[in-house]
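Enquirer: Input start16.tsv, format and content: TSV, C-alpha atoms and all ligand atoms.
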```
chain	number	residue	atom	x	y	z
A	1	MET	CA	0.38	-6.91	-8.15
A	2	LYS	CA	-1.49	-3.60	-8.11
A	3	ASP	CA	0.08	-2.78	-4.75
A	4	ILE	CA	3.60	-3.48	-6.02
A	5	GLU	CA	3.00	-1.37	-9.11
A	6	LEU	CA	1.67	1.53	-7.01
A	7	LYS	CA	4.59	1.35	-4.57
A	8	LYS	CA	7.09	1.29	-7.45
A	9	LYS	CA	5.56	4.36	-9.07
A	10	CYS	CA	5.32	6.29	-5.79
A	11	LYS	CA	8.95	5.46	-4.99
A	12	LYS	CA	10.18	6.49	-8.43
A	13	TYR	CA	8.34	9.83	-8.44
A	14	THR	CA	9.13	10.59	-4.80
A	15	GLU	CA	12.84	10.07	-5.44
A	16	LEU	CA	12.78	12.36	-8.47
A	17	LEU	CA	10.81	14.99	-6.52
A	18	GLU	CA	13.20	14.87	-3.58
A	19	ILE	CA	16.24	15.33	-5.83
A	20	GLU	CA	14.69	18.58	-7.07
A	21	MET	CA	13.74	19.64	-3.54
A	22	HIS	CA	17.29	19.11	-2.29
A	23	LYS	CA	18.61	21.30	-5.12
A	24	ARG	CA	16.44	24.16	-3.83
A	25	LEU	CA	17.33	23.74	-0.16
A	26	ASN	CA	21.09	23.84	-0.24
A	27	SER	CA	22.16	26.89	1.79
A	28	ASP	CA	24.30	26.47	4.84
A	29	ASN	CA	22.34	28.28	7.53
A	30	GLU	CA	19.80	27.57	10.25
A	31	LEU	CA	16.86	28.81	8.22
A	32	ASN	CA	17.65	26.29	5.49
A	33	GLU	CA	18.02	23.56	8.12
A	34	ALA	CA	14.62	24.40	9.59
A	35	MET	CA	12.97	24.37	6.14
A	36	LYS	CA	14.66	21.07	5.28
A	37	TYR	CA	13.60	19.52	8.57
A	38	SER	CA	9.90	19.81	7.76
A	39	VAL	CA	10.21	19.19	4.03
A	40	PHE	CA	11.91	15.86	4.73
A	41	ALA	CA	9.96	14.88	7.84
A	42	GLY	CA	8.06	12.03	6.21
A	43	GLY	CA	5.14	13.63	4.36
A	44	LYS	CA	3.22	11.39	1.99
A	45	ARG	CA	3.81	13.74	-1.00
A	46	LEU	CA	0.16	13.35	-1.87
A	47	ARG	CA	-0.22	16.54	-3.91
A	48	PRO	CA	2.91	16.04	-6.08
A	49	LEU	CA	1.99	12.36	-6.60
A	50	LEU	CA	-1.48	13.37	-7.79
A	51	MET	CA	0.19	15.75	-10.24
A	52	PHE	CA	2.58	13.07	-11.53
A	53	ALA	CA	-0.16	10.46	-11.80
A	54	LEU	CA	-2.51	12.74	-13.73
A	55	SER	CA	0.38	13.81	-15.96
A	56	GLU	CA	0.72	10.15	-16.95
A	57	VAL	CA	-2.96	10.08	-17.94
A	58	PHE	CA	-2.47	13.16	-20.12
A	59	ASP	CA	0.99	12.24	-21.46
A	60	LEU	CA	2.47	15.36	-19.93
A	61	LYS	CA	6.25	15.24	-19.61
A	62	ILE	CA	7.64	15.08	-16.08
A	63	GLU	CA	9.86	18.16	-16.67
A	64	LYS	CA	6.70	20.21	-17.29
A	65	ILE	CA	5.00	19.28	-14.04
A	66	MET	CA	8.06	19.00	-11.75
A	67	PRO	CA	8.36	22.71	-10.81
A	68	TYR	CA	4.70	22.70	-9.74
A	69	ALA	CA	5.14	19.47	-7.81
A	70	VAL	CA	8.04	20.96	-5.84
A	71	ALA	CA	6.25	24.27	-5.34
A	72	ILE	CA	3.00	22.72	-4.11
A	73	GLU	CA	4.82	20.50	-1.63
A	74	PHE	CA	6.76	23.51	-0.29
A	75	ILE	CA	3.50	25.45	0.10
A	76	HIS	CA	1.86	22.49	1.81
A	77	THR	CA	4.84	22.13	4.17
A	78	TYR	CA	4.80	25.83	5.06
A	79	SER	CA	1.09	25.60	5.84
A	80	LEU	CA	1.65	22.69	8.21
A	81	ILE	CA	4.57	24.43	9.98
A	82	HIS	CA	2.39	27.50	10.56
A	83	ASP	CA	-0.69	25.42	11.41
A	84	ASP	CA	1.26	23.72	14.23
A	85	LEU	CA	2.46	26.99	15.81
A	86	PRO	CA	1.44	27.85	19.39
A	87	SER	CA	-0.73	30.70	18.07
A	88	MET	CA	-2.59	28.32	15.77
A	89	ASP	CA	-3.11	24.64	16.66
A	90	ASN	CA	-0.23	24.49	19.14
A	91	ASP	CA	0.80	20.95	18.19
A	92	ASP	CA	4.03	19.37	19.42
A	93	LEU	CA	3.97	16.40	17.08
A	94	ARG	CA	3.46	15.92	13.37
A	95	ARG	CA	4.15	12.75	11.41
A	96	GLY	CA	5.41	11.26	14.66
A	97	LYS	CA	8.17	13.88	14.98
A	98	PRO	CA	8.48	17.09	17.01
A	99	THR	CA	6.96	20.02	15.12
A	100	ASN	CA	9.21	22.66	13.60
A	101	HIS	CA	8.84	25.22	16.41
A	102	ILE	CA	9.63	22.58	19.04
A	103	ILE	CA	13.03	22.03	17.39
A	104	TYR	CA	13.88	25.45	16.01
A	105	GLY	CA	11.80	27.82	18.13
A	106	GLU	CA	8.70	29.75	17.14
A	107	ASP	CA	10.62	32.59	15.46
A	108	MET	CA	12.56	30.28	13.15
A	109	ALA	CA	9.47	28.15	12.42
A	110	ILE	CA	7.58	31.23	11.22
A	111	LEU	CA	10.52	32.14	9.00
A	112	ALA	CA	10.89	28.57	7.70
A	113	GLY	CA	7.25	28.74	6.59
A	114	ASP	CA	7.74	32.17	5.03
A	115	GLY	CA	10.89	30.94	3.30
A	116	LEU	CA	9.14	27.92	1.77
A	117	LEU	CA	6.25	30.02	0.49
A	118	ASN	CA	8.64	32.49	-1.07
A	119	LEU	CA	10.79	29.75	-2.55
A	120	SER	CA	7.77	28.17	-4.23
A	121	MET	CA	7.19	31.44	-6.10
A	122	GLU	CA	10.87	31.70	-7.06
A	123	ILE	CA	10.73	28.17	-8.50
A	124	LEU	CA	7.73	28.98	-10.65
A	125	LEU	CA	9.18	32.30	-11.78
A	126	ASP	CA	12.38	30.49	-12.79
A	127	ASN	CA	10.21	28.05	-14.69
A	128	LEU	CA	8.45	30.91	-16.49
A	129	ASP	CA	11.80	32.45	-17.24
A	130	GLU	CA	12.88	29.24	-18.97
A	131	ASP	CA	9.57	28.44	-20.64
A	132	PHE	CA	7.39	31.51	-21.04
A	133	ASP	CA	4.21	29.83	-22.05
A	134	LYS	CA	0.64	31.04	-21.38
A	135	LYS	CA	-0.20	27.65	-19.87
A	136	ASN	CA	2.64	28.02	-17.36
A	137	LEU	CA	1.41	31.47	-16.43
A	138	THR	CA	-2.17	30.23	-15.90
A	139	ALA	CA	-0.99	27.25	-13.86
A	140	THR	CA	1.28	29.43	-11.69
A	141	LYS	CA	-1.61	31.79	-11.02
A	142	LYS	CA	-3.85	28.84	-10.16
A	143	LEU	CA	-1.44	27.58	-7.52
A	144	PHE	CA	-1.14	30.92	-5.74
A	145	GLN	CA	-4.85	31.64	-5.97
A	146	SER	CA	-5.54	28.25	-4.43
A	147	SER	CA	-3.14	28.73	-1.54
A	148	GLY	CA	-3.79	32.44	-1.06
A	149	ILE	CA	-6.25	34.87	0.41
A	150	LEU	CA	-9.23	33.45	-1.45
A	151	GLY	CA	-8.06	29.88	-0.87
A	152	MET	CA	-6.13	28.06	1.85
A	153	VAL	CA	-5.14	31.13	3.88
A	154	LEU	CA	-8.74	32.39	3.90
A	155	GLY	CA	-9.96	28.92	4.96
A	156	GLN	CA	-7.49	28.84	7.83
A	157	SER	CA	-8.57	32.31	8.97
A	158	ILE	CA	-12.29	31.41	8.95
A	159	ASP	CA	-11.49	28.17	10.75
A	160	ILE	CA	-9.62	30.00	13.50
A	161	LYS	CA	-12.39	32.57	13.93
A	162	ASN	CA	-14.95	29.76	14.34
A	163	GLU	CA	-13.08	27.77	16.96
A	164	ASN	CA	-15.28	27.15	19.99
A	165	LEU	CA	-18.38	28.27	18.06
A	166	SER	CA	-20.88	25.84	16.67
A	167	ILE	CA	-21.33	26.21	12.92
A	168	SER	CA	-23.56	24.69	10.26
A	169	LEU	CA	-22.50	21.83	8.01
A	170	GLU	CA	-22.60	24.26	5.09
A	171	ASP	CA	-20.11	26.61	6.79
A	172	LEU	CA	-17.87	23.69	7.69
A	173	LYS	CA	-17.91	22.52	4.09
A	174	GLU	CA	-16.84	25.98	2.96
A	175	ILE	CA	-13.95	26.05	5.44
A	176	ASN	CA	-12.80	22.59	4.36
A	177	ASP	CA	-13.11	23.44	0.68
A	178	LEU	CA	-10.85	26.43	1.19
A	179	LYS	CA	-8.42	25.15	3.79
A	180	THR	CA	-7.75	21.65	2.49
A	181	GLY	CA	-9.67	21.31	-0.76
A	182	LYS	CA	-8.21	24.16	-2.78
A	183	LEU	CA	-4.65	22.84	-2.73
A	184	ILE	CA	-5.74	19.29	-3.53
A	185	LYS	CA	-7.86	20.68	-6.35
A	186	ALA	CA	-4.83	22.61	-7.64
A	187	SER	CA	-2.95	19.28	-7.88
A	188	ILE	CA	-5.60	18.10	-10.32
A	189	ILE	CA	-6.24	21.33	-12.21
A	190	ILE	CA	-2.59	22.26	-12.83
A	191	PRO	CA	-1.68	19.16	-14.90
A	192	SER	CA	-4.99	19.61	-16.73
A	193	ILE	CA	-4.09	23.21	-17.63
A	194	LEU	CA	-0.56	22.25	-18.70
A	195	ALA	CA	-1.91	19.39	-20.83
A	196	GLY	CA	-4.11	21.92	-22.66
A	197	LEU	CA	-7.46	20.31	-21.81
A	198	ASP	CA	-10.59	22.23	-22.75
A	199	GLU	CA	-12.42	24.26	-20.11
A	200	LYS	CA	-15.39	21.90	-19.85
A	201	THR	CA	-13.17	18.90	-19.08
A	202	ILE	CA	-11.15	20.94	-16.59
A	203	ALA	CA	-14.39	21.97	-14.85
A	204	LEU	CA	-15.49	18.32	-14.60
A	205	LEU	CA	-12.11	17.35	-13.17
A	206	GLY	CA	-12.49	20.28	-10.77
A	207	ASP	CA	-15.80	18.86	-9.50
A	208	MET	CA	-14.15	15.51	-8.89
A	209	ALA	CA	-11.28	17.28	-7.12
A	210	ASN	CA	-13.76	19.15	-4.87
A	211	ASN	CA	-15.14	15.81	-3.75
A	212	LEU	CA	-11.64	14.46	-3.27
A	213	GLY	CA	-10.60	17.42	-1.10
A	214	LEU	CA	-13.72	17.02	1.00
A	215	ALA	CA	-13.24	13.26	1.31
A	216	TYR	CA	-9.62	13.80	2.37
A	217	GLN	CA	-10.61	16.20	5.12
A	218	ILE	CA	-13.46	13.96	6.32
A	219	LYS	CA	-11.08	11.00	6.51
A	220	ASP	CA	-8.67	13.16	8.50
A	221	ASP	CA	-11.49	13.98	10.93
A	222	LEU	CA	-12.39	10.30	11.27
A	223	LEU	CA	-8.75	9.28	11.79
A	224	ASP	CA	-8.44	11.92	14.49
A	225	ILE	CA	-11.11	9.98	16.38
A	226	ASN	CA	-10.28	6.37	15.67
A	227	GLY	CA	-6.97	6.26	13.77
A	228	GLU	CA	-3.92	4.32	14.87
A	229	ASN	CA	-0.29	5.35	14.39
A	230	ILE	CA	-1.28	8.59	12.66
A	231	GLY	CA	1.84	10.39	13.89
A	232	LYS	CA	0.08	12.55	16.47
A	233	PRO	CA	-2.23	11.91	19.41
A	234	THR	CA	-5.85	11.22	18.44
A	235	GLY	CA	-8.69	13.33	19.85
A	236	SER	CA	-6.97	16.66	19.17
A	237	ASP	CA	-10.01	18.05	17.27
A	238	GLU	CA	-12.26	17.45	20.27
A	239	ARG	CA	-9.72	18.88	22.72
A	240	ASN	CA	-9.35	21.99	20.55
A	241	CYS	CA	-13.15	22.31	20.16
A	242	LYS	CA	-12.83	22.00	16.38
A	243	ASN	CA	-15.86	21.84	14.16
A	244	THR	CA	-15.60	18.63	12.15
A	245	TYR	CA	-17.94	16.41	10.16
A	246	PRO	CA	-18.17	13.83	12.97
A	247	SER	CA	-18.82	16.56	15.56
A	248	ILE	CA	-21.74	17.89	13.52
A	249	LEU	CA	-23.10	14.77	11.79
A	250	GLY	CA	-22.00	11.99	14.16
A	251	ILE	CA	-19.55	9.22	13.27
A	252	GLU	CA	-21.96	6.87	11.53
A	253	LYS	CA	-23.41	9.44	9.14
A	254	THR	CA	-19.92	10.81	8.46
A	255	GLU	CA	-18.68	7.33	7.52
A	256	LYS	CA	-21.63	6.85	5.18
A	257	HIS	CA	-21.00	10.25	3.60
A	258	TYR	CA	-17.36	9.28	3.13
A	259	GLU	CA	-18.33	6.04	1.41
A	260	ASN	CA	-20.68	7.90	-0.96
A	261	LEU	CA	-17.99	10.44	-1.84
A	262	SER	CA	-15.43	7.68	-2.47
A	263	ASN	CA	-17.79	5.88	-4.83
A	264	LEU	CA	-18.56	9.10	-6.66
A	265	ILE	CA	-14.85	9.87	-7.15
A	266	LYS	CA	-13.99	6.36	-8.33
A	267	GLY	CA	-16.97	6.35	-10.68
A	268	TYR	CA	-15.76	9.58	-12.25
A	269	ILE	CA	-12.11	8.64	-12.70
A	270	LYS	CA	-13.06	5.40	-14.42
A	271	ASN	CA	-14.09	7.71	-17.28
A	272	ILE	CA	-10.60	9.10	-17.73
A	273	CYS	CA	-8.30	6.17	-16.96
A	274	LYS	CA	-8.12	2.41	-16.50
A	275	GLU	CA	-8.30	0.69	-13.12
A	276	GLU	CA	-4.69	-0.45	-13.48
A	277	ASP	CA	-3.37	3.06	-14.16
A	278	PHE	CA	-1.22	4.87	-11.60
A	279	PHE	CA	-3.83	7.62	-11.17
A	280	TYR	CA	-6.61	5.17	-10.35
A	281	LEU	CA	-4.40	3.09	-8.04
A	282	LEU	CA	-3.23	6.23	-6.25
A	283	LEU	CA	-6.73	7.58	-5.72
A	284	ASP	CA	-7.97	4.19	-4.57
A	285	ASN	CA	-5.08	4.10	-2.08
A	286	ILE	CA	-5.74	7.66	-0.86
A	287	LEU	CA	-9.42	6.91	-0.33
A	288	SER	CA	-8.68	3.80	1.69
A	289	ARG	CA	-5.87	5.40	3.73
A	290	GLU	CA	-5.62	4.61	7.41
A	291	VAL	CA	-2.83	7.08	8.29
A	301	LIG	C1	-1.42	28.01	8.27
A	301	LIG	C2	-1.98	29.29	6.17
A	301	LIG	C3	-2.10	28.09	6.98
A	301	LIG	C4	-2.83	27.08	6.52
A	301	LIG	C5	-2.98	25.77	7.14
A	301	LIG	C6	-3.83	22.74	5.42
A	301	LIG	C7	-3.94	23.56	6.62
A	301	LIG	C8	-4.04	25.04	6.43
A	301	LIG	C9	-3.96	23.03	7.83
A	301	LIG	C10	-3.91	21.57	8.08
A	301	LIG	C11	-5.11	21.16	8.80
A	301	LIG	C12	-5.34	19.72	8.57
A	301	LIG	C13	-4.60	18.77	9.43
A	301	LIG	C14	-6.20	19.34	7.63
A	301	LIG	C15	-6.51	17.92	7.35
A	301	LIG	C16	-6.12	17.46	5.99
A	301	LIG	C17	-4.69	17.69	5.77
A	301	LIG	C18	-4.34	18.84	4.93
A	301	LIG	C19	-3.79	16.87	6.30
A	301	LIG	C20	-2.34	17.02	6.11
A	301	LIG	O1	-1.99	16.75	4.78
A	301	LIG	P1	-1.25	15.39	4.37
A	301	LIG	O2	-2.02	14.22	4.89
A	301	LIG	O3	0.09	15.56	5.20
A	301	LIG	O4	-0.98	15.42	2.92
A	301	LIG	P2	1.54	14.89	5.03
A	301	LIG	O5	2.03	14.78	6.45
A	301	LIG	O6	1.42	13.56	4.37
A	301	LIG	O7	2.32	15.86	4.23
```
Take the structure in this file and express it as structure tokens.
Ligand code: GRG
Expert:
Amino acid sequence: MKDIELKKKCKKYTELLEIEMHKRLNSDNELNEAMKYSVFAGGKRLRPLLMFALSEVFDLKIEKIMPYAVAIEFIHTYSLIHDDLPSMDNDDLRRGKPTNHIIYGEDMAILAGDGLLNLSMEILLDNLDEDFDKKNLTATKKLFQSSGILGMVLGQSIDIKNENLSISLEDLKEINDLKTGKLIKASIIIPSILAGLDEKTIALLGDMANNLGLAYQIKDDLLDINGENIGKPTGSDERNCKNTYPSILGIEKTEKHYENLSNLIKGYIKNICKEEDFFYLLLDNILSREV
């Protein structure tokens, strides 16, 4: 029953999200084709779904959160296109499909990423134009701070500089917090800002989101070792000499740490919603993901 309910909600919100995404990717040129290719290549839409699910908890109207949901997914997609480039992770496959540069060439893949990042800002500026509200301004700023030079981009740069070097668990945590965690945290903080929650509650949600971002990255590391059908070959972290939780802590301790984080997150969200709510079901599903 819970599974059916979750699938129904995810389908409904994903369809609505994709309608809006199509509206923004409607030019007839190769750049648009390259952007569309990765946007519609089978991503799980995790960050927008978190935004929609939390909006339900706070009774925030879908029209209020939609521009942010589209923008965050475009930013996420650009980051993956660039992350896969030969000068970064040099991956040929993502989500079981050839990566953007394999299809469109490295030059066009760079531009597709640039285009998506730029478009995300245009969407949020249009939104501010229509609804010039302080909350919208704060939320827009939050998204770009999270993905920018003190967030995801910084995390990626530190990660690259540390490849082939052995680093402490503390340093790894910082990289993960920035590279993966900040954008996931933005998915939680943005609906909270738009719903007008007080600063203390937003900070508590932020702590939960930090744990969620970390858990998501740790799961990704574990799946890279023992996952099946994850859409890319396993073992790529080891081949690329990546610092990961399992490479520093070992698999067993990493799994235990993951379990502790999952319990912490679930314990916290039981305070803000019921176990049958979309937000709880979604988080439960994310934490038990196998792809
Ligand atoms: C290139 C500026 C720049 C940043 C790249 C996020 C990132 C920074 C790189 C991705 C590295 C990575 C694989 C991290 C593991 C966690 C993660 C973000 C996985 C991919 O996100 P999902 O699972 O992807 O939401 P889908 O395919 O579902 O969209």
Enquirer: Rounded to one decimal, what separation in Å do you get between atom C19 of ligand LIG 301 (chain A) and CA of Gly196 (chain A)?
Expert: 29.4 Å
Enquirer: Considering all atoms listed in the file, tabulate each residue of chain A that lies at most 8 Å from ligand LIG 301 (chain A) along with its nearest interatomic pair and the corresponding distance in Å to one decimal; arrange the rows by chain and ascending residue number and present them as JSON lines.
Expert:
```
{"residue": "A:Gly42", "atom": "CA", "partner": "A:LIG301", "partner_atom": "O5", "distance": 6.6}
{"residue": "A:Gly43", "atom": "CA", "partner": "A:LIG301", "partner_atom": "O7", "distance": 3.6}
{"residue": "A:Lys44", "atom": "CA", "partner": "A:LIG301", "partner_atom": "O6", "distance": 3.7}
{"residue": "A:Arg45", "atom": "CA", "partner": "A:LIG301", "partner_atom": "O7", "distance": 5.8}
{"residue": "A:Leu46", "atom": "CA", "partner": "A:LIG301", "partner_atom": "O4", "distance": 5.3}
{"residue": "A:Arg47", "atom": "CA", "partner": "A:LIG301", "partner_atom": "O4", "distance": 7.0}
{"residue": "A:Glu73", "atom": "CA", "partner": "A:LIG301", "partner_atom": "O7", "distance": 7.9}
{"residue": "A:His76", "atom": "CA", "partner": "A:LIG301", "partner_atom": "C6", "distance": 6.7}
{"residue": "A:Thr77", "atom": "CA", "partner": "A:LIG301", "partner_atom": "O7", "distance": 6.8}
{"residue": "A:Tyr78", "atom": "CA", "partner": "A:LIG301", "partner_atom": "C1", "distance": 7.3}
{"residue": "A:Ser79", "atom": "CA", "partner": "A:LIG301", "partner_atom": "C3", "distance": 4.2}
{"residue": "A:Leu80", "atom": "CA", "partner": "A:LIG301", "partner_atom": "C9", "distance": 5.6}
{"residue": "A:Ile81", "atom": "CA", "partner": "A:LIG301", "partner_atom": "C1", "distance": 7.2}
{"residue": "A:His82", "atom": "CA", "partner": "A:LIG301", "partner_atom": "C1", "distance": 4.5}
{"residue": "A:Asp83", "atom": "CA", "partner": "A:LIG301", "partner_atom": "C1", "distance": 4.1}
{"residue": "A:Asp84", "atom": "CA", "partner": "A:LIG301", "partner_atom": "C1", "distance": 7.8}
{"residue": "A:Met88", "atom": "CA", "partner": "A:LIG301", "partner_atom": "C1", "distance": 7.6}
{"residue": "A:Arg94", "atom": "CA", "partner": "A:LIG301", "partner_atom": "O5", "distance": 7.2}
{"residue": "A:Arg95", "atom": "CA", "partner": "A:LIG301", "partner_atom": "O5", "distance": 5.8}
{"residue": "A:Ser147", "atom": "CA", "partner": "A:LIG301", "partner_atom": "C2", "distance": 7.8}
{"residue": "A:Met152", "atom": "CA", "partner": "A:LIG301", "partner_atom": "C4", "distance": 5.8}
{"residue": "A:Val153", "atom": "CA", "partner": "A:LIG301", "partner_atom": "C2", "distance": 4.3}
{"residue": "A:Leu154", "atom": "CA", "partner": "A:LIG301", "partner_atom": "C2", "distance": 7.8}
{"residue": "A:Gly155", "atom": "CA", "partner": "A:LIG301", "partner_atom": "C8", "distance": 7.2}
{"residue": "A:Gln156", "atom": "CA", "partner": "A:LIG301", "partner_atom": "C4", "distance": 5.2}
{"residue": "A:Ser157", "atom": "CA", "partner": "A:LIG301", "partner_atom": "C2", "distance": 7.8}
{"residue": "A:Lys179", "atom": "CA", "partner": "A:LIG301", "partner_atom": "C8", "distance": 5.1}
{"residue": "A:Thr180", "atom": "CA", "partner": "A:LIG301", "partner_atom": "C6", "distance": 5.0}
{"residue": "A:Tyr216", "atom": "CA", "partner": "A:LIG301", "partner_atom": "C16", "distance": 6.2}
{"residue": "A:Gln217", "atom": "CA", "partner": "A:LIG301", "partner_atom": "C16", "distance": 4.7}
{"residue": "A:Asp220", "atom": "CA", "partner": "A:LIG301", "partner_atom": "C15", "distance": 5.4}
{"residue": "A:Asp221", "atom": "CA", "partner": "A:LIG301", "partner_atom": "C15", "distance": 7.3}
{"residue": "A:Val291", "atom": "CA", "partner": "A:LIG301", "partner_atom": "O2", "distance": 7.9}
```
Enquirer: Could you state the separation of CA of Asp171 (chain A) and CA of Ile248 (chain A) in Å, given to one decimal place?
Expert: 11.1 Å
Enquirer: Using CA of Ile72 (chain A) and CA of Ile190 (chain A) as the two end points, give the distance in Å to one decimal.
Expert: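 A separation of 10.4 Å between them.
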Enquirer: Using the file's own x, y and z axes, so that the box edges lie along x, y and z, what centre and edge lengths in Å (one decimal) does a box around every listed atom of region 65-79 of chain A get when 8 Å is added on each side? Give it as AutoDock Vina command-line options.
Expert:
```
--center_x 4.7 --center_y 22.4 --center_z -4.1 --size_x 23.3 --size_y 22.8 --size_z 35.9
```
Enquirer: When distances are computed from all atoms listed in the file, which of A:Thr244, A:Leu17, A:Ile286, A:Pro233 shows the smallest separation from Asp92 (chain A)?
Expert: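 Nearest to Asp92 (chain A): A:Pro233.
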Enquirer: Ile4 (chain A): which residues within 12 Å, counting only C-alpha atoms, same-chain residues fewer than 5 positions away excluded, as a PDB file with C-alpha atoms, keeping the file's coordinate frame?
Expert:
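File written: out35.pdb
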```pdb
ATOM      1  CA  LYS A   9       5.560   4.360  -9.070  1.00  0.00           C
ATOM      2  CA  CYS A  10       5.320   6.290  -5.790  1.00  0.00           C
ATOM      3  CA  LYS A  11       8.950   5.460  -4.990  1.00  0.00           C
ATOM      4  CA  GLU A 276      -4.690  -0.450 -13.480  1.00  0.00           C
ATOM      5  CA  PHE A 278      -1.220   4.870 -11.600  1.00  0.00           C
ATOM      6  CA  LEU A 281      -4.400   3.090  -8.040  1.00  0.00           C
ATOM      7  CA  LEU A 282      -3.230   6.230  -6.250  1.00  0.00           C
TER       8      LEU A 282
END
```
Enquirer: Using all atoms listed in the file, which protein or nucleic acid residues come within 10 Å of region 61-65 of chain A? Drop anything in the same chain fewer than 6 positions from it, and give the result as a list of chain:residue names.
Expert: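 Those residues are A:Tyr13, A:Leu16, A:Pro48, A:Met51, A:Phe52, A:Leu54, A:Ser55, A:Asn127, A:Asp131, A:Asn136, A:Ala139, A:Ile190, A:Pro191, A:Leu194, A:Ala195.
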Enquirer: Restricting the calculation to all atoms listed in the file, which member of A:Asn32, A:Asn226, A:Ser187, A:Asn271 is positioned closest to Leu204 (chain A)?
Expert: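 Checking each of A:Asn32, A:Asn226, A:Ser187, A:Asn271 against Leu204 (chain A), counting all atoms listed in the file, the winner is A:Asn271.
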Enquirer: At a cut-off of 9 Å, using all atoms listed in the file, what residues contact Leu172 (chain A)? Leave out same-chain residues fewer than 6 positions from it and give the result as a ChimeraX atom specification.
Expert: /A:159,243-245
Enquirer: Would you save the residues from that selection as a PDB file, in the coordinates of the input, using C-alpha atoms?
Expert:
```
ATOM      1  CA  ASP A 159     -11.490  28.170  10.750  1.00  0.00           C
ATOM      2  CA  ASN A 243     -15.860  21.840  14.160  1.00  0.00           C
ATOM      3  CA  THR A 244     -15.600  18.630  12.150  1.00  0.00           C
ATOM      4  CA  TYR A 245     -17.940  16.410  10.160  1.00  0.00           C
TER       5      TYR A 245
END
```
Enquirer: Which protein, DNA or RNA residues are at most 9 Å from (9.0, 26.5, 4.0) in the file's coordinates when you count all atoms listed in the file, listed as a list in words?
Expert: Asn32, Ala34, Met35, Lys36, Ser38, Val39, Phe74, Ile75, His76, Thr77, Tyr78, Ser79, Ile81, Ala109, Ile110, Leu111, Ala112, Gly113, Asp114, Gly115, Leu116, Leu117, Asn118, Leu119 and Ser120 of chain A
Enquirer: Using all atoms listed in the file, which protein or nucleic acid residues come within 12 Å of Leu222 (chain A)? Drop anything in the same chain fewer than 2 positions from it, and give the result as an NGL selection string.
Expert: :A and (215-220 or 224-228 or 230 or 234-238 or 244-247 or 249-258 or 289-291)
Enquirer: So which one's closest to Asp133 (chain A), A:Ile193, A:Glu275, A:Val70, A:Lys200? Using all atoms listed in the file, please.
Expert: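 For Asp133 (chain A), the nearest of the candidates is A:Ile193.
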Enquirer: Counting all atoms listed in the file, which residue out of A:Asp284, A:Glu163, A:Glu15, A:Asp198 sits closest to Leu264 (chain A)?
Expert: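 That would be A:Asp284, the residue with the smallest distance to Leu264 (chain A).
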